[in-house]
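Quick look at start34.tsv (TSV, C-alpha atoms and all ligand atoms):
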chain	number	residue	atom	x	y	z
A	1	MET	CA	-104.73	30.86	-34.74
A	2	SER	CA	-101.52	28.87	-34.76
A	3	GLN	CA	-101.44	25.69	-36.79
A	4	PRO	CA	-100.79	22.39	-34.97
A	5	LYS	CA	-97.20	21.31	-35.42
A	6	PRO	CA	-96.80	18.44	-37.91
A	7	ALA	CA	-95.52	15.21	-36.33
A	8	ILE	CA	-91.78	14.87	-36.81
A	9	LYS	CA	-90.94	11.76	-38.74
A	10	HIS	CA	-87.54	10.39	-37.80
A	11	ASP	CA	-86.48	9.46	-41.26
A	12	THR	CA	-87.13	12.94	-42.58
A	13	LEU	CA	-84.77	14.54	-40.07
A	14	PHE	CA	-81.21	15.33	-40.96
A	15	ASP	CA	-78.16	14.65	-38.94
A	16	LYS	CA	-76.85	18.05	-37.85
A	17	PRO	CA	-75.37	17.72	-34.37
A	18	PHE	CA	-71.90	19.00	-35.36
A	19	THR	CA	-72.53	22.07	-37.44
A	20	THR	CA	-71.16	24.93	-35.32
A	21	PRO	CA	-67.59	25.28	-34.01
A	22	LEU	CA	-68.85	25.18	-30.43
A	23	ASP	CA	-70.68	21.92	-31.02
A	24	LYS	CA	-67.36	20.42	-32.01
A	25	ALA	CA	-66.34	20.41	-28.38
A	26	ALA	CA	-69.29	18.22	-27.42
A	27	ARG	CA	-68.48	14.72	-26.29
A	28	PHE	CA	-70.56	12.22	-28.16
A	29	SER	CA	-73.44	10.81	-26.14
A	30	PHE	CA	-76.61	9.01	-27.07
A	31	ASP	CA	-78.95	11.71	-25.84
A	32	GLU	CA	-82.19	13.19	-27.25
A	33	GLN	CA	-80.32	15.26	-29.81
A	34	VAL	CA	-78.66	12.19	-31.27
A	35	VAL	CA	-81.88	10.17	-31.09
A	36	ALA	CA	-83.76	12.72	-33.20
A	37	CYS	CA	-81.39	12.37	-36.13
A	38	PHE	CA	-80.17	8.83	-35.50
A	39	PRO	CA	-81.65	6.92	-38.49
A	40	ASP	CA	-80.32	9.53	-40.89
A	41	MET	CA	-76.93	9.65	-39.17
A	42	ILE	CA	-76.35	5.93	-39.09
A	43	ARG	CA	-77.40	5.35	-42.70
A	44	ARG	CA	-75.14	8.13	-43.98
A	45	SER	CA	-72.18	7.35	-41.76
A	46	VAL	CA	-71.98	3.56	-41.57
A	47	PRO	CA	-71.04	1.94	-44.87
A	48	GLY	CA	-73.15	-1.18	-45.39
A	49	TYR	CA	-75.55	-0.50	-42.51
A	50	GLY	CA	-78.61	-1.39	-44.60
A	51	GLN	CA	-77.04	-4.51	-46.11
A	52	VAL	CA	-76.04	-5.87	-42.72
A	53	LEU	CA	-79.52	-5.30	-41.31
A	54	ALA	CA	-81.11	-6.93	-44.34
A	55	MET	CA	-79.13	-10.14	-43.79
A	56	LEU	CA	-80.18	-10.58	-40.15
A	57	PRO	CA	-83.53	-12.26	-40.89
A	58	ILE	CA	-81.81	-14.45	-43.49
A	59	PHE	CA	-79.31	-15.65	-40.86
A	60	ALA	CA	-82.10	-16.00	-38.32
A	61	ARG	CA	-84.04	-18.35	-40.65
A	62	ARG	CA	-81.08	-20.71	-40.70
A	63	HIS	CA	-80.08	-20.60	-37.06
A	64	CYS	CA	-83.21	-19.91	-35.03
A	65	LYS	CA	-84.66	-23.31	-34.20
A	66	TYR	CA	-87.35	-22.55	-31.63
A	67	ARG	CA	-85.15	-23.82	-28.83
A	68	GLN	CA	-86.73	-21.61	-26.12
A	69	GLN	CA	-90.16	-21.24	-24.59
A	70	SER	CA	-92.31	-18.13	-24.20
A	71	GLU	CA	-94.19	-17.34	-20.99
A	72	SER	CA	-97.32	-18.91	-22.50
A	73	GLY	CA	-95.42	-22.15	-23.09
A	74	GLN	CA	-95.04	-21.68	-26.86
A	75	ARG	CA	-91.76	-22.72	-28.57
A	76	VAL	CA	-89.97	-19.57	-29.75
A	77	SER	CA	-86.56	-18.37	-30.82
A	78	ARG	CA	-85.17	-15.83	-28.41
A	79	ILE	CA	-83.02	-13.15	-30.01
A	80	TYR	CA	-81.07	-10.42	-28.23
A	81	ASP	CA	-80.47	-7.06	-29.89
A	82	LEU	CA	-77.73	-5.57	-27.68
A	83	GLY	CA	-77.20	-1.83	-27.96
A	84	CYS	CA	-80.44	-1.69	-29.93
A	85	SER	CA	-80.61	2.14	-30.28
A	86	LEU	CA	-83.97	2.73	-31.99
A	87	GLY	CA	-84.49	-0.99	-32.61
A	88	ALA	CA	-83.61	-1.17	-36.31
A	89	ALA	CA	-82.31	-4.75	-36.06
A	90	SER	CA	-85.31	-5.88	-34.02
A	91	MET	CA	-87.61	-4.16	-36.49
A	92	THR	CA	-85.96	-5.89	-39.45
A	93	LEU	CA	-86.35	-9.28	-37.78
A	94	ALA	CA	-89.95	-8.67	-36.74
A	95	GLY	CA	-90.78	-7.69	-40.30
A	96	GLU	CA	-89.71	-11.09	-41.59
A	97	PHE	CA	-91.13	-13.43	-38.92
A	98	GLU	CA	-94.59	-14.26	-37.64
A	99	PRO	CA	-95.25	-12.79	-34.18
A	100	GLN	CA	-95.49	-16.23	-32.54
A	101	ASP	CA	-92.06	-17.33	-33.78
A	102	LEU	CA	-89.75	-14.88	-32.07
A	103	GLN	CA	-89.12	-13.42	-28.67
A	104	ILE	CA	-86.92	-10.37	-29.07
A	105	LYS	CA	-85.13	-8.65	-26.21
A	106	ALA	CA	-83.73	-5.28	-27.23
A	107	ILE	CA	-81.39	-3.65	-24.73
A	108	ASP	CA	-79.80	-0.21	-24.66
A	109	ILE	CA	-78.20	1.86	-21.92
A	110	SER	CA	-79.68	5.15	-23.19
A	111	PRO	CA	-83.22	5.88	-21.96
A	112	ALA	CA	-83.63	8.39	-24.82
A	113	MET	CA	-83.04	5.50	-27.24
A	114	THR	CA	-85.18	2.90	-25.46
A	115	ASN	CA	-88.13	5.29	-25.02
A	116	GLU	CA	-88.19	5.95	-28.73
A	117	ALA	CA	-87.52	2.29	-29.62
A	118	THR	CA	-90.45	1.19	-27.47
A	119	THR	CA	-92.81	3.52	-29.33
A	120	LEU	CA	-91.48	2.61	-32.77
A	121	LEU	CA	-91.60	-1.15	-32.15
A	122	LYS	CA	-95.06	-1.04	-30.56
A	123	ASP	CA	-96.46	1.09	-33.39
A	124	ASN	CA	-94.98	-1.05	-36.14
A	125	TYR	CA	-95.14	-4.55	-34.61
A	126	PRO	CA	-97.86	-4.54	-31.95
A	127	GLU	CA	-98.35	-8.33	-32.17
A	128	HIS	CA	-94.73	-9.29	-31.73
A	129	ASP	CA	-93.15	-10.29	-28.44
A	130	ILE	CA	-90.50	-7.56	-28.20
A	131	GLU	CA	-89.25	-6.35	-24.86
A	132	VAL	CA	-87.22	-3.14	-24.83
A	133	ILE	CA	-85.00	-2.93	-21.76
A	134	THR	CA	-82.99	0.03	-20.50
A	135	ALA	CA	-79.81	-1.50	-19.10
A	136	ASP	CA	-76.07	-1.70	-19.40
A	137	ILE	CA	-75.32	-4.87	-21.36
A	138	ARG	CA	-72.41	-5.49	-19.01
A	139	ASP	CA	-74.87	-6.04	-16.16
A	140	VAL	CA	-77.48	-8.20	-17.87
A	141	GLN	CA	-77.56	-11.94	-17.30
A	142	LEU	CA	-78.66	-13.22	-20.70
A	143	GLU	CA	-81.20	-16.05	-20.93
A	144	PRO	CA	-80.72	-19.01	-23.27
A	145	CYS	CA	-81.09	-17.79	-26.85
A	146	ASP	CA	-80.69	-18.71	-30.52
A	147	MET	CA	-79.17	-15.48	-31.79
A	148	VAL	CA	-77.43	-12.40	-30.45
A	149	ILE	CA	-76.92	-9.21	-32.42
A	150	LEU	CA	-74.17	-6.77	-31.44
A	151	ASN	CA	-74.55	-4.25	-34.21
A	152	LEU	CA	-71.97	-1.45	-33.69
A	153	THR	CA	-72.19	-1.69	-29.90
A	154	LEU	CA	-69.11	-3.54	-28.58
A	155	GLN	CA	-66.96	-0.64	-29.83
A	156	PHE	CA	-68.54	1.66	-27.22
A	157	LEU	CA	-67.56	-0.54	-24.26
A	158	PRO	CA	-64.24	-0.07	-22.48
A	159	ALA	CA	-61.77	-2.53	-24.00
A	160	ALA	CA	-61.36	-4.31	-20.66
A	161	ASP	CA	-65.07	-5.17	-20.52
A	162	ARG	CA	-65.43	-6.71	-23.97
A	163	VAL	CA	-64.36	-10.26	-23.11
A	164	ALA	CA	-66.87	-10.55	-20.26
A	165	VAL	CA	-69.74	-9.40	-22.49
A	166	LEU	CA	-68.78	-11.94	-25.16
A	167	GLU	CA	-68.46	-14.69	-22.53
A	168	ASN	CA	-71.96	-13.89	-21.31
A	169	ILE	CA	-73.19	-14.19	-24.91
A	170	TYR	CA	-71.32	-17.43	-25.55
A	171	ASN	CA	-72.75	-19.01	-22.42
A	172	ALA	CA	-76.32	-17.93	-23.26
A	173	LEU	CA	-76.28	-19.16	-26.85
A	174	GLU	CA	-77.65	-22.63	-27.52
A	175	GLU	CA	-75.61	-25.10	-29.58
A	176	GLY	CA	-76.30	-24.08	-33.19
A	177	GLY	CA	-76.98	-20.45	-32.25
A	178	ILE	CA	-75.07	-17.48	-33.63
A	179	LEU	CA	-73.65	-14.12	-32.68
A	180	VAL	CA	-73.58	-11.42	-35.36
A	181	LEU	CA	-70.93	-8.87	-34.42
A	182	THR	CA	-70.67	-5.72	-36.54
A	183	GLU	CA	-67.97	-3.17	-35.76
A	184	LYS	CA	-65.95	-0.28	-37.01
A	185	THR	CA	-62.31	-1.47	-37.06
A	186	HIS	CA	-58.86	-0.12	-37.76
A	187	ALA	CA	-56.14	-1.77	-39.81
A	188	PHE	CA	-52.91	-2.81	-38.08
A	189	ASP	CA	-50.84	-1.44	-40.95
A	190	GLU	CA	-50.71	2.36	-40.62
A	191	GLN	CA	-50.71	3.04	-44.35
A	192	TYR	CA	-53.65	0.76	-45.03
A	193	ASP	CA	-55.45	2.29	-42.10
A	194	ALA	CA	-54.85	5.82	-43.37
A	195	TRP	CA	-56.20	4.84	-46.78
A	196	LEU	CA	-59.32	3.25	-45.27
A	197	VAL	CA	-59.96	6.21	-42.99
A	198	GLU	CA	-59.55	8.71	-45.85
A	199	ARG	CA	-61.90	6.73	-48.09
A	200	TYR	CA	-64.33	6.53	-45.18
A	201	TYR	CA	-64.32	10.33	-44.96
A	202	ASP	CA	-64.83	10.42	-48.74
A	203	PHE	CA	-67.83	8.14	-48.22
A	204	LYS	CA	-69.20	10.60	-45.67
A	205	ARG	CA	-68.56	13.57	-47.97
A	206	ALA	CA	-70.38	11.75	-50.74
A	207	ASN	CA	-73.28	11.32	-48.34
A	208	GLY	CA	-73.49	15.06	-47.77
A	209	TYR	CA	-71.39	15.59	-44.63
A	210	THR	CA	-69.36	18.81	-44.43
A	211	GLU	CA	-65.72	18.98	-43.30
A	212	MET	CA	-66.85	20.52	-40.02
A	213	GLU	CA	-69.34	17.74	-39.39
A	214	ILE	CA	-66.74	15.09	-40.16
A	215	SER	CA	-64.10	16.57	-37.87
A	216	GLY	CA	-66.71	17.34	-35.17
A	217	LYS	CA	-67.87	13.74	-35.11
A	218	ARG	CA	-64.28	12.46	-35.12
A	219	ASN	CA	-63.41	14.59	-32.06
A	220	ALA	CA	-66.61	13.72	-30.25
A	221	LEU	CA	-66.02	9.99	-30.71
A	222	GLU	CA	-62.41	10.12	-29.52
A	223	ASN	CA	-62.06	7.92	-26.43
A	224	VAL	CA	-65.75	6.97	-26.79
A	225	LEU	CA	-65.65	4.68	-29.81
A	226	ILE	CA	-62.52	2.54	-29.49
A	227	THR	CA	-61.90	0.25	-32.42
A	228	ASP	CA	-60.07	-3.07	-32.54
A	229	THR	CA	-58.46	-4.70	-35.54
A	230	LEU	CA	-60.28	-7.52	-37.28
A	231	ASP	CA	-57.65	-9.94	-35.90
A	232	GLU	CA	-58.28	-8.74	-32.36
A	233	HIS	CA	-61.98	-9.46	-32.79
A	234	HIS	CA	-61.32	-12.98	-34.03
A	235	GLN	CA	-58.79	-13.61	-31.24
A	236	ARG	CA	-61.29	-12.46	-28.63
A	237	LEU	CA	-63.98	-14.73	-30.06
A	238	ASP	CA	-61.51	-17.66	-29.84
A	239	GLN	CA	-60.68	-16.68	-26.29
A	240	VAL	CA	-64.30	-16.82	-25.11
A	241	GLY	CA	-64.85	-20.25	-26.67
A	242	PHE	CA	-66.26	-19.72	-30.17
A	243	GLN	CA	-64.52	-22.33	-32.29
A	244	ARG	CA	-65.87	-21.08	-35.61
A	245	HIS	CA	-66.27	-17.47	-36.68
A	246	LEU	CA	-65.87	-15.75	-40.00
A	247	THR	CA	-65.97	-12.27	-41.46
A	248	TRP	CA	-68.98	-12.37	-43.76
A	249	PHE	CA	-69.06	-8.65	-44.63
A	250	GLN	CA	-66.58	-5.82	-45.01
A	251	PHE	CA	-67.04	-2.31	-46.39
A	252	LEU	CA	-64.01	-0.05	-45.85
A	253	ASN	CA	-63.25	-0.12	-42.11
A	254	PHE	CA	-66.61	-1.65	-41.11
A	255	VAL	CA	-66.89	-5.40	-40.71
A	256	SER	CA	-69.44	-7.94	-39.67
A	257	ILE	CA	-68.53	-11.32	-38.22
A	258	VAL	CA	-70.72	-14.32	-37.58
A	259	ALA	CA	-69.67	-16.61	-34.70
A	260	PHE	CA	-71.19	-20.09	-34.39
A	261	LYS	CA	-71.75	-21.87	-31.10
B	301	LIG	C1	-78.55	-0.42	-34.78
B	301	LIG	N1	-77.45	-1.55	-32.90
B	301	LIG	O1	-79.13	0.57	-35.25
B	301	LIG	N2	-75.03	-1.11	-22.69
B	301	LIG	C2	-76.07	-1.00	-23.54
B	301	LIG	N3	-76.06	-0.20	-24.63
B	301	LIG	C3	-74.95	0.54	-24.85
B	301	LIG	C4	-73.85	0.49	-23.99
B	301	LIG	C5	-73.91	-0.38	-22.88
B	301	LIG	N4	-72.88	-0.49	-22.02
B	301	LIG	N5	-72.89	1.35	-24.46
B	301	LIG	C6	-73.40	1.93	-25.57
B	301	LIG	N6	-74.65	1.45	-25.80
B	301	LIG	C7	-77.90	-0.25	-33.43
B	301	LIG	C8	-76.79	0.76	-33.48
B	301	LIG	S1	-75.36	2.44	-31.85
B	301	LIG	C9	-74.07	2.61	-32.94
B	301	LIG	C10	-75.97	0.84	-32.22
B	301	LIG	C11	-73.64	3.99	-33.24
B	301	LIG	C12	-75.55	1.79	-26.91
B	301	LIG	C13	-75.72	3.27	-27.17
B	301	LIG	O2	-76.63	3.88	-26.28
B	301	LIG	C14	-76.19	3.28	-28.62
B	301	LIG	O3	-77.59	3.31	-28.73
B	301	LIG	C15	-75.64	1.97	-29.19
B	301	LIG	O4	-75.02	1.29	-28.10
B	301	LIG	C16	-74.63	2.16	-30.29
B	301	LIG	O5	-78.50	-1.52	-35.34
B	301	LIG	O6	-74.26	4.94	-32.74
B	301	LIG	O7	-72.58	4.12	-34.01

Represent the structure contained in this file as structure tokens.
Amino acid sequence: MSQPKPAIKHDTLFDKPFTTPLDKAARFSFDEQVVACFPDMIRRSVPGYGQVLAMLPIFARRHCKYRQQSESGQRVSRIYDLGCSLGAASMTLAGEFEPQDLQIKAIDISPAMTNEATTLLKDNYPEHDIEVITADIRDVQLEPCDMVILNLTLQFLPAADRVAVLENIYNALEEGGILVLTEKTHAFDEQYDAWLVERYYDFKRANGYTEMEISGKRNALENVLITDTLDEHHQRLDQVGFQRHLTWFQFLNFVSIVAFK
């Protein structure tokens, strides 16, 4: 008699989407294959991913002031997690706040991601008010909120659409609210950029990626993940109305900015 298959735990899976030459031709998309290995992939390929997530509840404590109301009339802080993938940011926040304090809206365009995020968030935080929504963040009219998280998401939007998304966020944030914007960037200076990119590949090698995986991912992300410079990010934040914004974290070519309304 065949044994029942053991349940696959996400964090025990390895990130192997680019291991054969043919796979290298694949254009990167957030489908089931990526979802299955996503937590492993993002931890091993984004320098500082864990540190940035860990700071989100700390920022939320300072800036979430229960300025909104839940459907039951309770004062809550509404937080958007835009491009939530499997809901890691939402999960980190839920883990540090009482269920009645937050209303989290986690949005992603990929149904494969939101299906899995819904299950993970329900299983881990059944009491919390977390809504997972499958939508394009360019089409969503955001409600008034205390905090917005754009963790490695803006970089996947066409450059021409980035201002409108940030304007939507600026308009939805209450006075005193914050946007946390984390992105992969490139340096304006070619030599500095080359050094950062090479050390980034070293970082990936040190985390167990092979040369084929590194070049496969680089090709797949070409024209999909389009980086800006750190200056371009700050200029865009100025343009949409944020008067104060600072880079609070940088690790190689990855940065995180906090913008204050
Ligand atoms: C994390 N924030 O783990 N609308 C909504 N979602 C989008 C759109 C769009 N237009 N375009 C891309 N996405 C997460 C990590 S991953 C980063 C974010 C990465 C989604 C896409 O489906 C994917 O789930 C996410 O943005 C980017 O904290 O994979 O490098």

Query raised in the report: Please, which residues have at least one atom within 7 Å of an atom of ligand LIG 301 (chain B), using all atoms listed in the file, listed as number ranges by chain?
Result: A: 30, 42, 81-89, 107-110, 113, 135-138, 150-153, 156-157

Requested in this report: Skip segment 163-176 of chain A itself and residues of its chain fewer than 4 positions away, then list as JSON, numbers by chain all residues within 12 Å of it, counting all atoms listed in the file.
Outcome: {"A": [59, 60, 62, 63, 64, 65, 66, 67, 68, 77, 78, 79, 80, 81, 82, 83, 136, 137, 138, 139, 140, 141, 142, 143, 144, 145, 146, 147, 148, 149, 150, 153, 154, 155, 157, 158, 159, 180, 181, 232, 233, 234, 235, 236, 237, 238, 239, 240, 241, 242, 243, 244, 259, 260, 261]}

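In terms of minimum interatomic distance to Phe97 of chain A, A:Leu56 ranks closest within A:Ala220, A:Ala36, A:Leu56, A:Ala117, counting all atoms listed in the file.
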
Report task. Have a look at A:Met41, A:Ala194, A:Ala54, A:Val35 and name the one nearest to Pro111 of chain A; count only C-alpha atoms. Result -> A:Val35

Query - Gap from atom CA of Ala106 of chain A to atom CA of Leu121 of chain A - Å, one decimal - result: 10.2 Å

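Take the candidates A:Thr227, A:Gln100, A:Ser90, A:Thr185 and check each one against Ser70 of chain A using all atoms listed in the file; the shortest distance goes to A:Gln100.
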
Report task. Dump as a list in words all residues having an atom at most 12 Å from (-77.6, -2.3, -43.0), computed in the file's coordinates with only C-alpha atoms. Result -> Pro39, Ile42, Arg43, Arg44, Ser45, Val46, Pro47, Gly48, Tyr49, Gly50, Gln51, Val52, Leu53, Ala54, Met55, Leu56, Pro57, Ala88, Ala89, Thr92, Asn151, Leu152, Thr182, Phe249, Gln250, Phe251, Phe254, Val255 and Ser256 of chain A
